[in-house]
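Quick look at final.cif (mmCIF, C-alpha atoms):
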```cif
data_work
loop_
_atom_site.group_PDB
_atom_site.id
_atom_site.type_symbol
_atom_site.label_atom_id
_atom_site.label_comp_id
_atom_site.auth_asym_id
_atom_site.auth_seq_id
_atom_site.Cartn_x
_atom_site.Cartn_y
_atom_site.Cartn_z
ATOM 1 C CA MET A 1 41.799 -22.023 32.528
ATOM 2 C CA LEU A 2 41.976 -23.403 29.022
ATOM 3 C CA SER A 3 38.466 -24.787 29.267
ATOM 4 C CA MET A 4 37.160 -21.387 30.427
ATOM 5 C CA ARG A 5 38.914 -19.657 27.554
ATOM 6 C CA SER A 6 37.513 -22.212 25.160
ATOM 7 C CA PHE A 7 34.026 -21.681 26.605
ATOM 8 C CA LEU A 8 34.287 -17.888 26.270
ATOM 9 C CA GLN A 9 35.596 -18.212 22.731
ATOM 10 C CA ARG A 10 32.683 -20.435 21.770
ATOM 11 C CA CYS A 11 30.253 -17.956 23.363
ATOM 12 C CA ARG A 12 31.767 -15.154 21.313
ATOM 13 C CA GLN A 13 31.550 -17.248 18.172
ATOM 14 C CA LEU A 14 27.924 -18.058 18.920
ATOM 15 C CA LEU A 15 27.152 -14.390 19.563
ATOM 16 C CA PHE A 16 28.796 -13.330 16.311
ATOM 17 C CA ALA A 17 26.911 -16.065 14.462
ATOM 18 C CA VAL A 18 23.579 -14.911 15.902
ATOM 19 C CA LEU A 19 24.355 -11.273 15.094
ATOM 20 C CA PHE A 20 25.361 -12.266 11.567
ATOM 21 C CA VAL A 21 22.116 -14.166 11.008
ATOM 22 C CA LEU A 22 20.084 -11.236 12.362
ATOM 23 C CA ALA A 23 21.973 -8.810 10.131
ATOM 24 C CA VAL A 24 21.366 -10.976 7.063
ATOM 25 C CA ALA A 25 17.671 -11.261 7.967
ATOM 26 C CA TRP A 26 17.418 -7.477 8.326
ATOM 27 C CA VAL A 27 19.180 -6.866 5.002
ATOM 28 C CA PHE A 28 16.887 -9.386 3.305
ATOM 29 C CA GLY A 29 13.725 -7.884 4.870
ATOM 30 C CA PHE A 30 14.670 -4.272 4.267
ATOM 31 C CA GLY A 31 15.794 -5.101 0.738
ATOM 32 C CA ALA A 32 12.402 -6.685 0.070
ATOM 33 C CA GLN A 33 10.731 -3.449 1.185
ATOM 34 C CA TRP A 34 12.852 -1.435 -1.231
ATOM 35 C CA LEU A 35 11.968 -3.881 -3.997
ATOM 36 C CA LEU A 36 8.289 -3.408 -3.145
ATOM 37 C CA ARG A 37 8.748 0.360 -3.287
ATOM 38 C CA TRP A 38 10.463 0.170 -6.677
ATOM 39 C CA ARG A 39 7.698 -2.002 -8.097
ATOM 40 C CA ALA A 40 4.993 0.182 -6.544
ATOM 41 C CA GLU A 41 6.452 3.278 -8.190
ATOM 42 C CA LYS A 42 6.462 1.521 -11.570
ATOM 43 C CA LEU A 43 2.910 0.280 -11.066
ATOM 44 C CA LEU A 44 1.659 3.753 -10.146
ATOM 45 C CA ALA A 45 3.273 5.190 -13.277
ATOM 46 C CA ASP A 46 1.474 2.605 -15.421
ATOM 47 C CA ILE A 47 -1.881 3.216 -13.732
ATOM 48 C CA ARG A 48 -1.531 6.975 -14.140
ATOM 49 C CA ALA A 49 -0.807 6.468 -17.840
ATOM 50 C CA LEU A 50 -4.013 4.439 -18.307
ATOM 51 C CA GLN A 51 -6.702 6.904 -19.395
ATOM 52 C CA VAL A 52 -10.233 6.603 -18.062
ATOM 53 C CA ASN A 53 -12.891 7.060 -20.760
ATOM 54 C CA ARG A 54 -10.193 6.861 -23.438
ATOM 55 C CA GLY A 55 -8.120 3.763 -22.675
ATOM 56 C CA THR A 56 -9.087 0.700 -24.682
ATOM 57 C CA TRP A 57 -9.406 -3.019 -24.049
ATOM 58 C CA SER A 58 -6.062 -3.396 -25.807
ATOM 59 C CA ASP A 59 -4.429 -0.941 -23.365
ATOM 60 C CA ALA A 60 -5.884 -2.874 -20.448
ATOM 61 C CA GLN A 61 -4.656 -6.198 -21.810
ATOM 62 C CA GLN A 62 -1.132 -4.844 -22.228
ATOM 63 C CA LEU A 63 -1.106 -3.628 -18.622
ATOM 64 C CA THR A 64 -2.450 -6.952 -17.364
ATOM 65 C CA GLN A 65 0.190 -8.851 -19.311
ATOM 66 C CA LYS A 66 2.978 -6.631 -17.984
ATOM 67 C CA TRP A 67 1.907 -7.291 -14.388
ATOM 68 C CA SER A 68 0.598 -10.815 -14.964
ATOM 69 C CA GLN A 69 2.613 -12.242 -12.052
ATOM 70 C CA TRP A 70 0.638 -10.113 -9.612
ATOM 71 C CA ALA A 71 -2.621 -9.574 -11.549
ATOM 72 C CA THR A 72 -5.939 -11.227 -10.707
ATOM 73 C CA PRO A 73 -8.673 -10.766 -13.328
ATOM 74 C CA LYS A 74 -12.248 -11.247 -12.206
ATOM 75 C CA ALA A 75 -13.838 -14.485 -13.440
ATOM 76 C CA GLY A 76 -15.400 -14.186 -16.870
ATOM 77 C CA CYS A 77 -13.252 -11.226 -17.882
ATOM 78 C CA THR A 78 -14.074 -9.972 -21.393
ATOM 79 C CA SER A 79 -13.879 -6.687 -23.269
ATOM 80 C CA ASP A 80 -17.517 -6.064 -22.347
ATOM 81 C CA ASN A 81 -16.915 -6.345 -18.621
ATOM 82 C CA CYS A 82 -13.565 -6.916 -16.945
ATOM 83 C CA THR A 83 -12.100 -6.005 -13.567
ATOM 84 C CA VAL A 84 -8.428 -6.630 -12.772
ATOM 85 C CA GLN A 85 -6.593 -6.165 -9.480
ATOM 86 C CA ILE A 86 -2.801 -6.056 -9.177
ATOM 87 C CA SER A 87 -1.420 -6.728 -5.693
ATOM 88 C CA LEU A 88 2.147 -6.203 -4.505
ATOM 89 C CA ILE A 89 2.518 -7.446 -0.929
ATOM 90 C CA GLN A 90 5.418 -7.659 1.517
ATOM 91 C CA ALA A 91 4.390 -9.409 4.744
ATOM 92 C CA LEU A 92 6.452 -9.925 7.880
ATOM 93 C CA PRO A 93 6.430 -13.288 9.687
ATOM 94 C CA PRO A 94 3.466 -13.521 12.114
ATOM 95 C CA ILE A 95 5.815 -13.331 15.114
ATOM 96 C CA LEU A 96 6.731 -9.767 14.091
ATOM 97 C CA VAL A 97 3.121 -8.621 13.629
ATOM 98 C CA ALA A 98 1.595 -6.648 16.533
ATOM 99 C CA GLU A 99 -1.522 -8.073 18.174
ATOM 100 C CA PRO A 100 -4.104 -6.320 20.386
ATOM 101 C CA GLY A 101 -3.568 -6.993 24.083
ATOM 102 C CA ALA A 102 -0.046 -8.404 23.647
ATOM 103 C CA ARG A 103 3.242 -6.854 24.773
ATOM 104 C CA ASN A 104 4.481 -6.917 21.176
ATOM 105 C CA ARG A 105 8.147 -6.768 22.080
ATOM 106 C CA LEU A 106 9.393 -8.230 18.808
ATOM 107 C CA PRO A 107 7.012 -6.105 16.664
ATOM 108 C CA ARG A 108 8.252 -3.015 18.524
ATOM 109 C CA LEU A 109 11.829 -4.034 17.784
ATOM 110 C CA ALA A 110 10.916 -4.500 14.124
ATOM 111 C CA ASP A 111 9.503 -0.948 14.154
ATOM 112 C CA HIS A 112 12.785 0.468 15.427
ATOM 113 C CA ILE A 113 14.836 -1.176 12.683
ATOM 114 C CA GLY A 114 12.459 -0.236 9.865
ATOM 115 C CA LEU A 115 10.824 -3.602 9.155
ATOM 116 C CA ARG A 116 7.089 -3.643 8.430
ATOM 117 C CA SER A 117 4.365 -5.253 6.371
ATOM 118 C CA ALA A 118 3.237 -3.188 3.405
ATOM 119 C CA ALA A 119 1.341 -3.435 0.152
ATOM 120 C CA ALA A 120 0.520 -1.555 -3.016
ATOM 121 C CA ARG A 121 -2.601 -2.393 -4.989
ATOM 122 C CA ALA A 122 -3.952 -1.124 -8.268
ATOM 123 C CA GLY A 123 -6.644 -2.069 -10.704
ATOM 124 C CA PHE A 124 -9.053 -1.055 -13.418
ATOM 125 C CA THR A 125 -12.404 -1.880 -14.945
ATOM 126 C CA VAL A 126 -13.212 -2.131 -18.642
ATOM 127 C CA GLU A 127 -16.793 -1.847 -19.879
ATOM 128 C CA HIS A 128 -17.738 -2.267 -23.535
ATOM 129 C CA GLY A 129 -14.119 -2.005 -24.606
ATOM 130 C CA VAL A 130 -13.342 1.221 -22.710
ATOM 131 C CA VAL A 131 -11.559 1.769 -19.384
ATOM 132 C CA THR A 132 -14.154 3.214 -17.001
ATOM 133 C CA THR A 133 -12.335 3.056 -13.657
ATOM 134 C CA LYS A 134 -8.780 2.888 -12.399
ATOM 135 C CA TYR A 135 -7.397 3.017 -8.886
ATOM 136 C CA PHE A 136 -4.245 2.804 -6.799
ATOM 137 C CA GLY A 137 -3.792 2.144 -3.104
ATOM 138 C CA GLU A 138 -0.953 1.966 -0.584
ATOM 139 C CA GLN A 139 -0.949 0.253 2.805
ATOM 140 C CA THR A 140 1.601 0.029 5.607
ATOM 141 C CA THR A 141 1.557 -0.990 9.251
ATOM 142 C CA LEU A 142 1.166 1.593 11.996
ATOM 143 C CA PRO A 143 3.625 1.644 14.938
ATOM 144 C CA ALA A 144 3.271 -1.426 17.157
ATOM 145 C CA ARG A 145 3.020 0.839 20.205
ATOM 146 C CA ASP A 146 -0.300 2.152 18.883
ATOM 147 C CA VAL A 147 -1.937 -1.267 18.791
ATOM 148 C CA GLY A 148 -4.642 -1.177 21.457
ATOM 149 C CA SER A 149 -6.464 -3.860 23.350
ATOM 150 C CA SER A 150 -9.525 -3.908 21.095
ATOM 151 C CA GLU A 151 -9.879 -6.905 18.778
ATOM 152 C CA GLY A 152 -11.466 -4.618 16.205
ATOM 153 C CA TYR A 153 -8.370 -2.446 15.922
ATOM 154 C CA THR A 154 -6.786 -2.350 12.472
ATOM 155 C CA PRO A 155 -3.013 -1.805 12.653
ATOM 156 C CA TYR A 156 -2.756 -0.520 9.091
ATOM 157 C CA LEU A 157 -2.528 2.878 7.455
ATOM 158 C CA SER A 158 -4.362 2.578 4.137
ATOM 159 C CA VAL A 159 -5.125 5.103 1.398
ATOM 160 C CA SER A 160 -6.592 4.582 -2.065
ATOM 161 C CA SER A 161 -7.596 6.857 -4.910
ATOM 162 C CA ALA A 162 -9.866 6.048 -7.860
ATOM 163 C CA GLU A 163 -10.840 7.831 -11.049
ATOM 164 C CA THR A 164 -14.160 6.644 -12.418
ATOM 165 C CA VAL A 165 -16.861 7.575 -14.897
ATOM 166 C CA HIS A 166 -19.339 6.416 -12.251
ATOM 167 C CA PHE A 167 -18.358 9.211 -9.881
ATOM 168 C CA ARG A 168 -21.875 10.711 -9.846
ATOM 169 C CA GLU A 169 -23.358 7.378 -8.855
ATOM 170 C CA ILE A 170 -20.821 7.005 -6.035
ATOM 171 C CA ALA A 171 -21.348 10.537 -4.754
ATOM 172 C CA GLY A 172 -25.134 10.175 -4.860
ATOM 173 C CA ASP A 173 -26.892 13.000 -3.037
ATOM 174 C CA SER A 174 -23.827 13.912 -0.989
ATOM 175 C CA LYS A 175 -23.143 17.622 -0.682
ATOM 176 C CA LEU A 176 -19.616 17.928 -2.012
ATOM 177 C CA ALA A 177 -17.220 20.765 -1.334
ATOM 178 C CA HIS A 178 -15.811 20.057 -4.802
ATOM 179 C CA PRO A 179 -18.192 18.833 -7.536
ATOM 180 C CA ASN A 180 -15.796 16.380 -9.174
ATOM 181 C CA ARG A 181 -13.984 14.807 -6.235
ATOM 182 C CA MET A 182 -14.604 13.481 -2.747
ATOM 183 C CA ALA A 183 -12.705 11.906 0.156
ATOM 184 C CA GLN A 184 -14.158 9.737 2.882
ATOM 185 C CA HIS A 185 -13.150 7.325 5.588
ATOM 186 C CA LEU A 186 -14.500 3.840 4.890
ATOM 187 C CA LYS A 187 -13.978 1.575 7.902
ATOM 188 C CA SER A 188 -10.222 1.700 8.384
ATOM 189 C CA TYR A 189 -8.951 3.486 5.294
ATOM 190 C CA LEU A 190 -9.099 6.756 3.375
ATOM 191 C CA GLN A 191 -10.851 6.504 0.011
ATOM 192 C CA VAL A 192 -10.569 9.256 -2.603
ATOM 193 C CA SER A 193 -12.769 9.250 -5.704
ATOM 194 C CA PHE A 194 -12.811 11.672 -8.601
ATOM 195 C CA SER A 195 -14.355 12.163 -12.016
ATOM 196 C CA PRO A 196 -12.528 12.326 -15.369
ATOM 197 C CA ASP A 197 -14.007 15.846 -15.555
ATOM 198 C CA GLU A 198 -11.773 16.968 -12.682
ATOM 199 C CA ASP A 199 -9.044 19.499 -13.482
ATOM 200 C CA PRO A 200 -5.920 17.688 -14.782
ATOM 201 C CA ALA A 201 -3.678 19.310 -12.162
ATOM 202 C CA GLU A 202 -5.993 18.130 -9.388
ATOM 203 C CA GLN A 203 -6.182 14.652 -10.928
ATOM 204 C CA SER A 204 -2.411 14.505 -10.789
ATOM 205 C CA ALA A 205 -2.383 15.548 -7.128
ATOM 206 C CA LEU A 206 -4.982 12.917 -6.273
ATOM 207 C CA MET A 207 -2.713 10.220 -7.695
ATOM 208 C CA ASP A 208 0.494 11.647 -6.209
ATOM 209 C CA PHE A 209 1.276 8.822 -3.808
ATOM 210 C CA ARG A 210 4.424 8.983 -1.668
ATOM 211 C CA PHE A 211 6.354 5.787 -0.992
ATOM 212 C CA SER A 212 8.751 6.766 1.787
ATOM 213 C CA CYS A 213 6.432 5.011 4.280
ATOM 214 C CA LEU A 214 7.507 1.689 2.756
ATOM 215 C CA THR A 215 11.198 2.168 3.499
ATOM 216 C CA ARG A 216 11.727 4.802 6.193
ATOM 217 C CA LEU A 217 13.050 3.619 9.564
ATOM 218 C CA ARG A 218 10.237 5.140 11.632
ATOM 219 C CA PRO A 219 6.691 4.019 10.723
ATOM 220 C CA CYS A 220 4.332 6.573 9.197
ATOM 221 C CA GLU A 221 1.348 7.573 11.317
ATOM 222 C CA THR A 222 -0.800 9.823 9.120
ATOM 223 C CA GLU A 223 -2.586 9.439 5.805
ATOM 224 C CA GLY A 224 -0.981 12.661 4.635
ATOM 225 C CA ASP A 225 2.370 10.877 4.588
ATOM 226 C CA ILE A 226 0.983 8.675 1.813
ATOM 227 C CA LEU A 227 -1.367 10.952 -0.164
ATOM 228 C CA PRO A 228 -1.099 14.618 0.930
ATOM 229 C CA GLU A 229 -3.954 15.862 -1.245
ATOM 230 C CA GLY A 230 -6.344 13.208 0.043
ATOM 231 C CA ALA A 231 -5.573 14.086 3.659
ATOM 232 C CA ARG A 232 -6.027 17.778 2.883
ATOM 233 C CA MET A 233 -9.499 17.109 1.451
ATOM 234 C CA ILE A 234 -10.532 15.264 4.637
ATOM 235 C CA GLN A 235 -9.366 18.190 6.763
ATOM 236 C CA GLN A 236 -11.373 20.656 4.670
ATOM 237 C CA ARG A 237 -14.673 18.826 5.007
#
```

Turn this file's structure into structure tokens for me.
Amino acid sequence: MLSMRSFLQRCRQLLFAVLFVLAVAWVFGFGAQWLLRWRAEKLLADIRALQVNRGTWSDAQQLTQKWSQWATPKAGCTSDNCTVQISLIQALPPILVAEPGARNRLPRLADHIGLRSAAARAGFTVEHGVVTTKYFGEQTTLPARDVGSSEGYTPYLSVSSAETVHFREIAGDSKLAHPNRMAQHLKSYLQVSFSPDEDPAEQSALMDFRFSCLTRLRPCETEGDILPEGARMIQQR
């Protein structure tokens, strides 16, 4: 009887230990997602403050220095021609990432407890000492249950928005519903582009990213959850 009691006690201790480790892992993972969200909000604020066609090389250098830990300047970056990308990434262990054709039991469990891979990216281009383009993008994983059997399936929800003086070149001969902005699906993500000539209120809306998808318990499933104005433009086409 004593040996049975001892065995049951050890089983309970082992169970509590496993539950404790899982709880700590969840707190660590979910905390990392909140940290990503906090940083992403700060990064978006800095990108919005950088003025296209008015921002200087000095402004760009200050922003790069502030985010130097996550910034990657293009090789040969000078005031005449410089492109910088800033990447904030929170990635789950591969075992928790859904794969096409698999049962994805652990990824589904991760979905239910709010754990997911996510990223926020931003960047800018300087030409001849002046900021000519800036952009911001947000990415998060779709629900594991939606991962199909196709190897070409992309399990991410991605949206980006860019303001650029080269808008006319990007738009080309496209017939636009709005002369200074456009939205299009490029492969697996929604891309919004707009000109500095766009109305300031509309510019603000096109950079009004929402970050609840990074920390909510249930995964987001639509682009409108990330950038409402961008999704609205796609629907109006």

Considering all atoms listed in the file, can you say which of A:Leu214, A:Val130, A:Leu227, A:Leu157 comes closest to Arg54 in chain A?
A:Val130

Could you give me, as a Markdown table, every range 80-161 of chain A residue with an atom at most 12 Å from range 168-189 of chain A, plus its closest atom pair and distance in Å to one decimal, counting all atoms listed in the file, rows ordered by chain then number?
```
| residue | atom | partner | partner_atom | distance |
| --- | --- | --- | --- | --- |
| A:Gly137 | CA | A:Tyr189 | CA | 9.9 |
| A:Glu138 | CA | A:Tyr189 | CA | 10.0 |
| A:Gln139 | CA | A:Tyr189 | CA | 9.0 |
| A:Thr140 | CA | A:Tyr189 | CA | 11.1 |
| A:Leu142 | CA | A:Ser188 | CA | 11.9 |
| A:Gly152 | CA | A:Ser188 | CA | 10.1 |
| A:Tyr153 | CA | A:Ser188 | CA | 8.8 |
| A:Thr154 | CA | A:Ser188 | CA | 6.7 |
| A:Pro155 | CA | A:Ser188 | CA | 9.1 |
| A:Tyr156 | CA | A:Ser188 | CA | 7.8 |
| A:Leu157 | CA | A:Tyr189 | CA | 6.8 |
| A:Ser158 | CA | A:Tyr189 | CA | 4.8 |
| A:Val159 | CA | A:Tyr189 | CA | 5.7 |
| A:Ser160 | CA | A:Tyr189 | CA | 7.8 |
| A:Ser161 | CA | A:Ala183 | CA | 8.8 |
```

Name the residues that the PyMOL selection byres ((chain A and resi 212) around 12) picks from the file above, as a short mmCIF file (atom, residue, chain, number, x, y, z; two decimals) with C-alpha atoms, keeping the file's coordinate frame, using the file's chain letters and numbers.
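Printed below is part.cif as written:
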```cif
data_model
loop_
_atom_site.label_atom_id
_atom_site.label_comp_id
_atom_site.auth_asym_id
_atom_site.auth_seq_id
_atom_site.Cartn_x
_atom_site.Cartn_y
_atom_site.Cartn_z
CA GLN A 33 10.73 -3.45 1.18
CA TRP A 34 12.85 -1.44 -1.23
CA LEU A 36 8.29 -3.41 -3.14
CA ARG A 37 8.75 0.36 -3.29
CA TRP A 38 10.46 0.17 -6.68
CA ALA A 40 4.99 0.18 -6.54
CA GLU A 41 6.45 3.28 -8.19
CA GLY A 114 12.46 -0.24 9.86
CA ALA A 118 3.24 -3.19 3.40
CA GLU A 138 -0.95 1.97 -0.58
CA GLN A 139 -0.95 0.25 2.80
CA THR A 140 1.60 0.03 5.61
CA PHE A 209 1.28 8.82 -3.81
CA ARG A 210 4.42 8.98 -1.67
CA PHE A 211 6.35 5.79 -0.99
CA CYS A 213 6.43 5.01 4.28
CA LEU A 214 7.51 1.69 2.76
CA THR A 215 11.20 2.17 3.50
CA ARG A 216 11.73 4.80 6.19
CA LEU A 217 13.05 3.62 9.56
CA ARG A 218 10.24 5.14 11.63
CA PRO A 219 6.69 4.02 10.72
CA CYS A 220 4.33 6.57 9.20
CA GLY A 224 -0.98 12.66 4.64
CA ASP A 225 2.37 10.88 4.59
CA ILE A 226 0.98 8.68 1.81
CA LEU A 227 -1.37 10.95 -0.16
#
```

Distance of CA of Arg121 in chain A from CA of Gly29 in chain A, expressed in Å to one decimal place:
19.8 Å

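Comparing A:Glu99, A:His112, A:Leu35, A:His128 by their smallest distance to Asn81 in chain A, the closest is A:His128 (using all atoms listed in the file).
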
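Straight-line separation from CA of Glu198 in chain A to CA of Phe124 in chain A: 18.2 Å.
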
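The gap separating CA of Thr164 in chain A from CA of Glu202 in chain A is 14.4 Å, in Å to one decimal.
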
Find the spatial neighbours of Val131 in chain A, counting all atoms listed in the file, within a cut-off of 12 Å - ignore same-chain residues fewer than 2 positions away - and output them as JSON, numbers by chain.
{"A": [47, 49, 50, 51, 52, 53, 54, 55, 56, 57, 58, 59, 60, 61, 63, 79, 80, 81, 82, 83, 84, 123, 124, 125, 126, 127, 128, 129, 133, 134, 135, 163, 164, 165, 166, 196]}

Which neighbours of Arg145 in chain A fall inside 9 Å, counting only C-alpha atoms, when residues of the same chain fewer than 6 positions from it are skipped, and could you give them as a CSV table (one decimal) with C-alpha atoms, in the frame of the given file?
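Output saved as part-v2.csv:
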```csv
chain,number,residue,atom,x,y,z
A,98,ALA,CA,1.6,-6.6,16.5
A,103,ARG,CA,3.2,-6.9,24.8
A,104,ASN,CA,4.5,-6.9,21.2
A,107,PRO,CA,7.0,-6.1,16.7
A,108,ARG,CA,8.3,-3.0,18.5
```

Counting only C-alpha atoms, what is within 8 Å of Trp70 in chain A, bar same-chain residues fewer than 6 positions away, as a ChimeraX atom specification?
/A:86-88

Taking 5 positions as the minimum chain separation for residues in the same chain, which residues sit within 8 Å of range 91-94 of chain A when counting all atoms listed in the file? Answer as a VMD selection string.
chain A and resid 115 to 118
